[in-house]
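Content type TSV, N, CA and C atoms, from the file run_15.tsv:
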chain	number	residue	atom	x	y	z
A	106	SER	N	56.16	213.05	267.77
A	106	SER	CA	55.50	212.47	268.93
A	106	SER	C	54.46	213.44	269.46
A	107	ASP	N	53.71	212.99	270.45
A	107	ASP	CA	52.68	213.86	271.02
A	107	ASP	C	53.25	214.99	271.85
A	108	CYS	N	54.52	214.93	272.18
A	108	CYS	CA	55.17	216.01	272.96
A	108	CYS	C	55.64	217.15	272.07
A	109	GLU	N	55.63	216.96	270.78
A	109	GLU	CA	56.12	218.00	269.88
A	109	GLU	C	55.33	219.30	270.02
A	110	VAL	N	54.07	219.20	270.38
A	110	VAL	CA	53.25	220.40	270.55
A	110	VAL	C	53.83	221.32	271.62
A	111	LEU	N	54.51	220.75	272.62
A	111	LEU	CA	55.11	221.56	273.67
A	111	LEU	C	56.19	222.48	273.11
A	112	LEU	N	56.95	221.99	272.14
A	112	LEU	CA	57.99	222.81	271.52
A	112	LEU	C	57.38	223.98	270.77
A	113	HIS	N	56.26	223.72	270.11
A	113	HIS	CA	55.58	224.80	269.37
A	113	HIS	C	55.01	225.84	270.34
A	114	LEU	N	54.44	225.38	271.46
A	114	LEU	CA	53.94	226.33	272.46
A	114	LEU	C	55.07	227.15	273.06
A	115	TYR	N	56.21	226.51	273.30
A	115	TYR	CA	57.38	227.22	273.83
A	115	TYR	C	57.85	228.27	272.83
A	116	ALA	N	57.92	227.89	271.57
A	116	ALA	CA	58.36	228.83	270.53
A	116	ALA	C	57.40	230.00	270.39
A	117	GLU	N	56.12	229.73	270.57
A	117	GLU	CA	55.11	230.77	270.40
A	117	GLU	C	54.96	231.67	271.62
A	118	ASP	N	54.97	231.07	272.82
A	118	ASP	CA	54.65	231.82	274.04
A	118	ASP	C	55.81	231.97	275.02
A	119	GLY	N	56.96	231.38	274.72
A	119	GLY	CA	58.12	231.53	275.57
A	119	GLY	C	58.08	230.66	276.81
A	120	PRO	N	58.98	230.93	277.75
A	120	PRO	CA	59.12	230.09	278.94
A	120	PRO	C	57.87	230.00	279.82
A	121	ASP	N	56.96	230.94	279.71
A	121	ASP	CA	55.72	230.92	280.51
A	121	ASP	C	54.57	230.22	279.80
A	122	PHE	N	54.88	229.41	278.78
A	122	PHE	CA	53.81	228.82	277.97
A	122	PHE	C	52.85	227.94	278.77
A	123	LEU	N	53.32	227.33	279.84
A	123	LEU	CA	52.42	226.48	280.64
A	123	LEU	C	51.41	227.30	281.42
A	124	SER	N	51.75	228.52	281.78
A	124	SER	CA	50.81	229.41	282.47
A	124	SER	C	49.82	230.04	281.50
A	125	LYS	N	50.21	230.12	280.24
A	125	LYS	CA	49.37	230.77	279.23
A	125	LYS	C	48.46	229.80	278.49
A	126	ASN	N	48.74	228.50	278.59
A	126	ASN	CA	47.98	227.48	277.87
A	126	ASN	C	47.61	226.36	278.82
A	127	GLU	N	46.47	225.76	278.60
A	127	GLU	CA	46.06	224.61	279.40
A	127	GLU	C	46.56	223.35	278.70
A	128	VAL	N	47.63	222.78	279.21
A	128	VAL	CA	48.22	221.58	278.63
A	128	VAL	C	47.70	220.40	279.44
A	129	LEU	N	46.86	219.59	278.82
A	129	LEU	CA	46.25	218.45	279.48
A	129	LEU	C	47.08	217.20	279.26
A	130	GLY	N	46.94	216.25	280.15
A	130	GLY	CA	47.60	214.97	279.97
A	130	GLY	C	48.66	214.72	281.02
A	131	MET	N	49.40	213.64	280.79
A	131	MET	CA	50.46	213.26	281.71
A	131	MET	C	51.79	213.48	281.02
A	132	TYR	N	52.67	214.19	281.73
A	132	TYR	CA	53.95	214.52	281.13
A	132	TYR	C	54.97	214.94	282.18
A	133	ALA	N	56.20	214.78	281.82
A	133	ALA	CA	57.35	215.33	282.52
A	133	ALA	C	58.36	215.57	281.41
A	134	PHE	N	58.91	216.77	281.35
A	134	PHE	CA	59.79	217.07	280.22
A	134	PHE	C	60.84	218.10	280.58
A	135	VAL	N	61.85	218.16	279.72
A	135	VAL	CA	62.87	219.20	279.75
A	135	VAL	C	62.91	219.79	278.34
A	136	ILE	N	62.86	221.09	278.25
A	136	ILE	CA	63.06	221.77	276.97
A	136	ILE	C	64.34	222.57	277.09
A	137	TRP	N	65.28	222.26	276.24
A	137	TRP	CA	66.54	223.00	276.20
A	137	TRP	C	66.51	223.91	274.98
A	138	ASP	N	66.72	225.20	275.20
A	138	ASP	CA	66.73	226.19	274.12
A	138	ASP	C	68.17	226.39	273.65
A	139	ALA	N	68.48	225.85	272.49
A	139	ALA	CA	69.85	225.90	271.96
A	139	ALA	C	70.28	227.34	271.66
A	140	ARG	N	69.32	228.21	271.39
A	140	ARG	CA	69.66	229.62	271.09
A	140	ARG	C	70.19	230.34	272.32
A	141	THR	N	69.60	230.05	273.49
A	141	THR	CA	69.96	230.79	274.70
A	141	THR	C	70.78	229.96	275.69
A	142	GLY	N	70.73	228.64	275.55
A	142	GLY	CA	71.40	227.77	276.51
A	142	GLY	C	70.59	227.56	277.78
A	143	ASN	N	69.37	228.06	277.80
A	143	ASN	CA	68.48	227.92	278.95
A	143	ASN	C	67.61	226.68	278.80
A	144	TYR	N	67.05	226.23	279.91
A	144	TYR	CA	66.16	225.07	279.84
A	144	TYR	C	65.03	225.20	280.85
A	145	LEU	N	63.96	224.46	280.58
A	145	LEU	CA	62.80	224.38	281.46
A	145	LEU	C	62.58	222.92	281.80
A	146	VAL	N	62.13	222.67	283.02
A	146	VAL	CA	61.75	221.34	283.46
A	146	VAL	C	60.33	221.46	284.00
A	147	ALA	N	59.44	220.55	283.62
A	147	ALA	CA	58.06	220.63	284.11
A	147	ALA	C	57.47	219.25	284.30
A	148	ARG	N	56.46	219.22	285.17
A	148	ARG	CA	55.75	217.97	285.47
A	148	ARG	C	54.25	218.24	285.44
A	149	ASP	N	53.49	217.27	284.96
A	149	ASP	CA	52.04	217.42	284.84
A	149	ASP	C	51.40	217.78	286.18
A	150	PRO	N	50.25	218.45	286.14
A	150	PRO	CA	49.61	218.95	287.36
A	150	PRO	C	49.20	217.89	288.37
A	151	VAL	N	48.92	216.68	287.92
A	151	VAL	CA	48.49	215.64	288.83
A	151	VAL	C	49.67	214.84	289.36
A	152	GLY	N	50.77	214.87	288.65
A	152	GLY	CA	51.95	214.13	289.07
A	152	GLY	C	51.93	212.67	288.63
A	153	ILE	N	51.27	212.41	287.52
A	153	ILE	CA	51.17	211.04	287.03
A	153	ILE	C	52.54	210.51	286.61
A	154	ILE	N	53.28	211.32	285.90
A	154	ILE	CA	54.61	210.92	285.46
A	154	ILE	C	55.61	211.28	286.55
A	155	PRO	N	56.42	210.32	286.99
A	155	PRO	CA	57.39	210.61	288.05
A	155	PRO	C	58.52	211.51	287.55
A	156	LEU	N	58.99	212.37	288.43
A	156	LEU	CA	60.12	213.23	288.10
A	156	LEU	C	60.82	213.65	289.39
A	157	TYR	N	62.14	213.59	289.37
A	157	TYR	CA	62.96	213.98	290.50
A	157	TYR	C	63.98	215.00	290.04
A	158	ILE	N	64.36	215.87	290.96
A	158	ILE	CA	65.37	216.88	290.66
A	158	ILE	C	66.48	216.77	291.70
A	159	GLY	N	67.71	216.95	291.24
A	159	GLY	CA	68.84	216.87	292.14
A	159	GLY	C	69.89	217.91	291.82
A	160	TRP	N	70.78	218.14	292.79
A	160	TRP	CA	71.84	219.12	292.62
A	160	TRP	C	73.17	218.43	292.86
A	161	GLY	N	74.04	218.52	291.85
A	161	GLY	CA	75.35	217.89	291.94
A	161	GLY	C	76.31	218.69	292.79
A	162	GLN	N	77.43	218.06	293.14
A	162	GLN	CA	78.48	218.73	293.92
A	162	GLN	C	78.98	219.98	293.22
A	163	ASP	N	78.95	219.94	291.89
A	163	ASP	CA	79.46	221.06	291.10
A	163	ASP	C	78.41	222.16	290.88
A	164	GLY	N	77.23	222.01	291.49
A	164	GLY	CA	76.17	223.00	291.34
A	164	GLY	C	75.23	222.72	290.18
A	165	SER	N	75.49	221.67	289.44
A	165	SER	CA	74.64	221.32	288.30
A	165	SER	C	73.27	220.86	288.78
A	166	VAL	N	72.27	221.06	287.92
A	166	VAL	CA	70.91	220.60	288.19
A	166	VAL	C	70.68	219.38	287.31
A	167	ARG	N	70.14	218.34	287.91
A	167	ARG	CA	69.90	217.10	287.18
A	167	ARG	C	68.47	216.64	287.43
A	168	VAL	N	67.88	216.01	286.43
A	168	VAL	CA	66.52	215.48	286.58
A	168	VAL	C	66.50	214.04	286.07
A	169	ALA	N	65.57	213.28	286.64
A	169	ALA	CA	65.42	211.88	286.24
A	169	ALA	C	64.03	211.40	286.61
A	170	SER	N	63.59	210.35	285.95
A	170	SER	CA	62.29	209.77	286.25
A	170	SER	C	62.36	208.80	287.43
A	171	GLU	N	63.56	208.43	287.84
A	171	GLU	CA	63.75	207.55	289.00
A	171	GLU	C	64.82	208.16	289.91
A	172	CYS	N	64.55	208.19	291.20
A	172	CYS	CA	65.50	208.82	292.11
A	172	CYS	C	66.81	208.03	292.19
A	173	LYS	N	66.79	206.74	291.87
A	173	LYS	CA	68.03	205.96	291.93
A	173	LYS	C	69.04	206.46	290.90
A	174	ALA	N	68.58	207.14	289.86
A	174	ALA	CA	69.49	207.71	288.87
A	174	ALA	C	70.25	208.90	289.44
A	175	LEU	N	69.69	209.54	290.46
A	175	LEU	CA	70.32	210.71	291.07
A	175	LEU	C	71.13	210.36	292.31
A	176	HIS	N	70.80	209.24	292.91
A	176	HIS	CA	71.50	208.80	294.11
A	176	HIS	C	72.97	208.56	293.79
A	177	GLY	N	73.84	209.17	294.54
A	177	GLY	CA	75.27	209.03	294.30
A	177	GLY	C	75.82	210.09	293.36
A	178	ALA	N	74.99	210.58	292.46
A	178	ALA	CA	75.43	211.62	291.52
A	178	ALA	C	75.10	213.01	292.03
A	179	CYS	N	74.23	213.09	293.03
A	179	CYS	CA	73.79	214.39	293.55
A	179	CYS	C	74.00	214.45	295.06
A	180	LYS	N	74.33	215.64	295.52
A	180	LYS	CA	74.46	215.82	296.98
A	180	LYS	C	73.09	215.92	297.63
A	181	ARG	N	72.09	216.32	296.84
A	181	ARG	CA	70.72	216.44	297.33
A	181	ARG	C	69.76	216.19	296.18
A	182	TYR	N	68.69	215.48	296.44
A	182	TYR	CA	67.66	215.29	295.42
A	182	TYR	C	66.30	215.16	296.10
A	183	GLU	N	65.26	215.44	295.33
A	183	GLU	CA	63.90	215.42	295.88
A	183	GLU	C	62.89	215.21	294.77
A	184	LEU	N	61.68	214.91	295.16
A	184	LEU	CA	60.59	214.76	294.21
A	184	LEU	C	60.27	216.12	293.59
A	185	PHE	N	60.15	216.16	292.28
A	185	PHE	CA	59.76	217.40	291.58
A	185	PHE	C	58.25	217.53	291.77
A	186	PRO	N	57.77	218.64	292.30
A	186	PRO	CA	56.33	218.73	292.60
A	186	PRO	C	55.45	218.80	291.35
A	187	PRO	N	54.31	218.14	291.39
A	187	PRO	CA	53.36	218.21	290.27
A	187	PRO	C	52.92	219.65	290.00
A	188	GLY	N	52.67	219.94	288.73
A	188	GLY	CA	52.17	221.26	288.36
A	188	GLY	C	53.16	222.38	288.51
A	189	HIS	N	54.45	222.05	288.50
A	189	HIS	CA	55.50	223.06	288.64
A	189	HIS	C	56.43	223.07	287.44
A	190	VAL	N	57.10	224.19	287.29
A	190	VAL	CA	58.11	224.34	286.24
A	190	VAL	C	59.36	224.93	286.87
A	191	TYR	N	60.52	224.40	286.45
A	191	TYR	CA	61.82	224.92	286.88
A	191	TYR	C	62.41	225.68	285.71
A	192	ASP	N	62.85	226.90	285.97
A	192	ASP	CA	63.45	227.75	284.94
A	192	ASP	C	64.93	227.93	285.26
A	193	SER	N	65.80	227.54	284.34
A	193	SER	CA	67.24	227.62	284.59
A	193	SER	C	67.74	229.05	284.69
A	194	VAL	N	67.02	229.99	284.13
A	194	VAL	CA	67.44	231.39	284.20
A	194	VAL	C	67.34	231.91	285.63
A	195	SER	N	66.18	231.71	286.24
A	195	SER	CA	65.97	232.19	287.61
A	195	SER	C	66.38	231.15	288.65
A	196	GLU	N	66.62	229.92	288.21
A	196	GLU	CA	66.96	228.80	289.09
A	196	GLU	C	65.90	228.60	290.17
A	197	THR	N	64.64	228.77	289.78
A	197	THR	CA	63.53	228.61	290.71
A	197	THR	C	62.45	227.71	290.12
A	198	ARG	N	61.67	227.14	291.01
A	198	ARG	CA	60.49	226.40	290.62
A	198	ARG	C	59.27	227.23	290.97
A	199	LYS	N	58.28	227.17	290.13
A	199	LYS	CA	57.03	227.85	290.45
A	199	LYS	C	55.87	227.03	289.91
A	200	SER	N	54.74	227.19	290.54
A	200	SER	CA	53.54	226.49	290.13
A	200	SER	C	52.97	227.16	288.88
A	201	PHE	N	52.60	226.35	287.90
A	201	PHE	CA	51.93	226.89	286.72
A	201	PHE	C	50.46	226.48	286.73
A	202	TYR	N	50.09	225.65	287.67
A	202	TYR	CA	48.73	225.11	287.71
A	202	TYR	C	48.00	225.69	288.91
A	203	THR	N	47.06	226.57	288.66
A	203	THR	CA	46.30	227.20	289.74
A	203	THR	C	44.80	227.14	289.41
A	204	PRO	N	44.22	225.97	289.58
A	204	PRO	CA	42.78	225.86	289.29
A	204	PRO	C	41.95	226.61	290.33
A	205	GLN	N	40.76	226.93	289.95
A	205	GLN	CA	39.86	227.70	290.81
A	205	GLN	C	39.63	227.00	292.15
A	206	TRP	N	39.55	225.67	292.14
A	206	TRP	CA	39.25	224.96	293.38
A	206	TRP	C	40.38	225.01	294.41
A	207	MET	N	41.57	225.45	294.02
A	207	MET	CA	42.67	225.57	294.98
A	207	MET	C	42.56	226.84	295.82
A	208	ASP	N	41.73	227.78	295.40
A	208	ASP	CA	41.52	229.02	296.13
A	208	ASP	C	40.60	228.72	297.33
A	209	PRO	N	41.09	228.90	298.55
A	209	PRO	CA	40.26	228.56	299.73
A	209	PRO	C	38.96	229.35	299.82
A	210	SER	N	38.90	230.49	299.17
A	210	SER	CA	37.68	231.30	299.24
A	210	SER	C	36.62	230.84	298.23
A	211	TYR	N	36.98	229.91	297.36
A	211	TYR	CA	36.03	229.44	296.34
A	211	TYR	C	35.16	228.31	296.90
A	212	PHE	N	33.89	228.53	296.89
A	212	PHE	CA	32.94	227.49	297.26
A	212	PHE	C	31.87	227.43	296.17
A	213	PRO	N	31.67	226.27	295.57
A	213	PRO	CA	30.62	226.15	294.56
A	213	PRO	C	29.26	226.49	295.15
A	214	THR	N	28.44	227.13	294.37
A	214	THR	CA	27.10	227.50	294.84
A	214	THR	C	26.02	226.68	294.17
A	215	GLU	N	26.40	225.94	293.13
A	215	GLU	CA	25.42	225.13	292.41
A	215	GLU	C	25.34	223.73	293.03
A	216	GLU	N	24.17	223.14	292.92
A	216	GLU	CA	24.00	221.77	293.38
A	216	GLU	C	24.79	220.84	292.46
A	217	ILE	N	25.33	219.79	293.03
A	217	ILE	CA	26.12	218.84	292.24
A	217	ILE	C	25.19	218.03	291.34
A	218	ALA	N	25.50	218.03	290.05
A	218	ALA	CA	24.76	217.21	289.09
A	218	ALA	C	25.51	215.89	288.99
A	219	LEU	N	25.00	214.88	289.64
A	219	LEU	CA	25.72	213.61	289.74
A	219	LEU	C	25.98	212.96	288.39
A	220	THR	N	25.05	213.07	287.47
A	220	THR	CA	25.26	212.49	286.13
A	220	THR	C	26.40	213.20	285.42
A	221	ALA	N	26.44	214.51	285.50
A	221	ALA	CA	27.53	215.28	284.87
A	221	ALA	C	28.86	214.96	285.53
A	222	LEU	N	28.86	214.80	286.86
A	222	LEU	CA	30.08	214.44	287.57
A	222	LEU	C	30.59	213.07	287.12
A	223	ARG	N	29.70	212.11	287.01
A	223	ARG	CA	30.09	210.77	286.56
A	223	ARG	C	30.66	210.81	285.15
A	224	GLU	N	30.01	211.54	284.25
A	224	GLU	CA	30.48	211.64	282.86
A	224	GLU	C	31.86	212.30	282.81
A	225	ALA	N	32.07	213.34	283.60
A	225	ALA	CA	33.38	214.02	283.62
A	225	ALA	C	34.44	213.08	284.17
A	226	PHE	N	34.09	212.33	285.20
A	226	PHE	CA	35.04	211.37	285.79
A	226	PHE	C	35.41	210.29	284.78
A	227	GLU	N	34.41	209.72	284.11
A	227	GLU	CA	34.66	208.67	283.12
A	227	GLU	C	35.48	209.21	281.95
A	228	LYS	N	35.22	210.42	281.54
A	228	LYS	CA	35.98	211.03	280.45
A	228	LYS	C	37.46	211.19	280.86
A	229	SER	N	37.68	211.61	282.11
A	229	SER	CA	39.03	211.79	282.61
A	229	SER	C	39.77	210.45	282.64
A	230	VAL	N	39.12	209.43	283.13
A	230	VAL	CA	39.75	208.10	283.21
A	230	VAL	C	40.05	207.56	281.82
A	231	THR	N	39.11	207.75	280.90
A	231	THR	CA	39.29	207.27	279.52
A	231	THR	C	40.46	207.96	278.84
A	232	SER	N	40.65	209.27	279.10
A	232	SER	CA	41.70	210.02	278.43
A	232	SER	C	43.09	209.68	278.96
A	233	HIS	N	43.17	208.98	280.07
A	233	HIS	CA	44.47	208.60	280.63
A	233	HIS	C	44.66	207.12	280.55

File written out as structure tokens:
Amino acid sequence: SDCEVLLHLYAEDGPDFLSKNEVLGMYAFVIWDARTGNYLVARDPVGIIPLYIGWGQDGSVRVASECKALHGACKRYELFPPGHVYDSVSETRKSFYTPQWMDPSYFPTEEIALTALREAFEKSVTSH
């Protein structure tokens, strides 16, 4: 499938592969490493694919594409934030998506080329 590339990136670059590579597209996934027993959970930067995370009474971490799957099975659940990865080793979520435009000190200095903007927008819509 088209998600197989994620396994190769994980094998090549380890748990930080999303910070080291620009993975485009819409996705939400879990990679379980059978060698270590560790797992990663991640969601695409825009949040196109839904993903929820919950914590069971026993301390287990659970994920689902619909929150109704976690309701009743978890003492607490919430929306998994776009552009984040959860690492079972550290039991933390962190952002892997930090584009230049998110930096408040960044202000473009070039005039907007409307034709280029339209082409980039159309390309983005076509690819999804």

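Between His189 in chain A and the candidates A:Phe212, A:Trp137, A:Tyr132, A:Tyr202, the tightest atom-to-atom separation, counting all atoms listed in the file, involves A:Tyr202.
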
Of the listed residues A:Asp121, A:Asp208, A:Glu109, A:Asp149, that which approaches Phe185 in chain A most closely, counting only C-alpha atoms: A:Asp149

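Inside range 154-197 of chain A, the residues DSSP reads as strand (DSSP E or B) when given the backbone are Tyr157, Ile158, Gly159, Trp160, Val166, Arg167, Val168, Ala169, His176, Cys179, Arg181, Tyr182, Glu183, Leu184, His189, Val190, Tyr191, Asp192 and Thr197 of chain A.
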
What gap, in Å, lies between CA of Gly161 in chain A and CA of Gly119 in chain A? 27.4 Å

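The shell of residues at most 8 Å from Pro120 in chain A, with only C-alpha atoms counted and near chain neighbours (fewer than 2 positions) removed, consists of Tyr115, Asp118, Phe122, Leu123, Leu145 and Asp192 of chain A.
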
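Remark: for Val190 in chain A, the closest of the candidate residues A:Glu215, A:Ala139, A:Gly177, A:Val146 is A:Val146 (distances computed over all atoms listed in the file).
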
Nearest residue to Val168 in chain A out of A:Leu156, A:Ala218, A:Val128, A:Cys108, using only N, CA and C atoms? A:Leu156

Can you tell me which residues surround Gly152 in chain A at a distance of at most 7 Å, considering only N, CA and C atoms, apart from same-chain residues fewer than 4 positions away, and format the answer as a count of residues only? 4

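Between CA of Gly159 in chain A and CA of Lys199 in chain A there is a distance of 16.2 Å.
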
Report, as AutoDock Vina command-line options, the centre and edge lengths in Å (one decimal) of the axis-aligned box enclosing every listed atom of range 107-116 of chain A, padded by 5 Å on each side.
--center_x 55.5 --center_y 221.5 --center_z 271.6 --size_x 15.7 --size_y 27.0 --size_z 14.5

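The gap separating CA of Ser200 in chain A from CA of Gly142 in chain A is 22.5 Å, in Å to one decimal.
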
Go ahead and find all residues with at least one atom no further than 7 Å from (75.0, 218.5, 295.0) in the file's coordinates, using all atoms listed in the file; report them as a PDB file with N, CA and C atoms, keeping the file's coordinate frame.
ATOM      1  N   GLY A 159      67.710 216.950 291.240  1.00  0.00           N
ATOM      2  CA  GLY A 159      68.840 216.870 292.140  1.00  0.00           C
ATOM      3  C   GLY A 159      69.890 217.910 291.820  1.00  0.00           C
ATOM      4  N   TRP A 160      70.780 218.140 292.790  1.00  0.00           N
ATOM      5  CA  TRP A 160      71.840 219.120 292.620  1.00  0.00           C
ATOM      6  C   TRP A 160      73.170 218.430 292.860  1.00  0.00           C
ATOM      7  N   GLY A 161      74.040 218.520 291.850  1.00  0.00           N
ATOM      8  CA  GLY A 161      75.350 217.890 291.940  1.00  0.00           C
ATOM      9  C   GLY A 161      76.310 218.690 292.790  1.00  0.00           C
ATOM     10  N   GLN A 162      77.430 218.060 293.140  1.00  0.00           N
ATOM     11  CA  GLN A 162      78.480 218.730 293.920  1.00  0.00           C
ATOM     12  C   GLN A 162      78.980 219.980 293.220  1.00  0.00           C
ATOM     13  N   ASP A 163      78.950 219.940 291.890  1.00  0.00           N
ATOM     14  CA  ASP A 163      79.460 221.060 291.100  1.00  0.00           C
ATOM     15  C   ASP A 163      78.410 222.160 290.880  1.00  0.00           C
ATOM     16  N   GLY A 164      77.230 222.010 291.490  1.00  0.00           N
ATOM     17  CA  GLY A 164      76.170 223.000 291.340  1.00  0.00           C
ATOM     18  C   GLY A 164      75.230 222.720 290.180  1.00  0.00           C
ATOM     19  N   SER A 165      75.490 221.670 289.440  1.00  0.00           N
ATOM     20  CA  SER A 165      74.640 221.320 288.300  1.00  0.00           C
ATOM     21  C   SER A 165      73.270 220.860 288.780  1.00  0.00           C
ATOM     22  N   ALA A 178      74.990 210.580 292.460  1.00  0.00           N
ATOM     23  CA  ALA A 178      75.430 211.620 291.520  1.00  0.00           C
ATOM     24  C   ALA A 178      75.100 213.010 292.030  1.00  0.00           C
ATOM     25  N   CYS A 179      74.230 213.090 293.030  1.00  0.00           N
ATOM     26  CA  CYS A 179      73.790 214.390 293.550  1.00  0.00           C
ATOM     27  C   CYS A 179      74.000 214.450 295.060  1.00  0.00           C
ATOM     28  N   LYS A 180      74.330 215.640 295.520  1.00  0.00           N
ATOM     29  CA  LYS A 180      74.460 215.820 296.980  1.00  0.00           C
ATOM     30  C   LYS A 180      73.090 215.920 297.630  1.00  0.00           C
ATOM     31  N   ARG A 181      72.090 216.320 296.840  1.00  0.00           N
ATOM     32  CA  ARG A 181      70.720 216.440 297.330  1.00  0.00           C
ATOM     33  C   ARG A 181      69.760 216.190 296.180  1.00  0.00           C
TER      34      ARG A 181
END

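Nearest to Phe201 in chain A of all the residues A:Phe226, A:Ala116, A:Pro150, A:Lys173 is A:Pro150, based on all atoms listed in the file.
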
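Nearest to Asp138 in chain A of all the residues A:Arg223, A:Ser229, A:Ser193, A:Leu184 is A:Ser193, counting only C-alpha atoms.
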
Shell of 8 Å around Val194 in chain A, only C-alpha atoms, local chain residues under 2 positions omitted, as a short mmCIF file (atom, residue, chain, number, x, y, z; two decimals) with N, CA and C atoms, keeping the file's coordinate frame:
data_model
loop_
_atom_site.label_atom_id
_atom_site.label_comp_id
_atom_site.auth_asym_id
_atom_site.auth_seq_id
_atom_site.Cartn_x
_atom_site.Cartn_y
_atom_site.Cartn_z
N ASN A 143 69.37 228.06 277.80
CA ASN A 143 68.48 227.92 278.95
C ASN A 143 67.61 226.68 278.80
N TYR A 144 67.05 226.23 279.91
CA TYR A 144 66.16 225.07 279.84
C TYR A 144 65.03 225.20 280.85
N ASP A 192 62.85 226.90 285.97
CA ASP A 192 63.45 227.75 284.94
C ASP A 192 64.93 227.93 285.26
N GLU A 196 66.62 229.92 288.21
CA GLU A 196 66.96 228.80 289.09
C GLU A 196 65.90 228.60 290.17
#
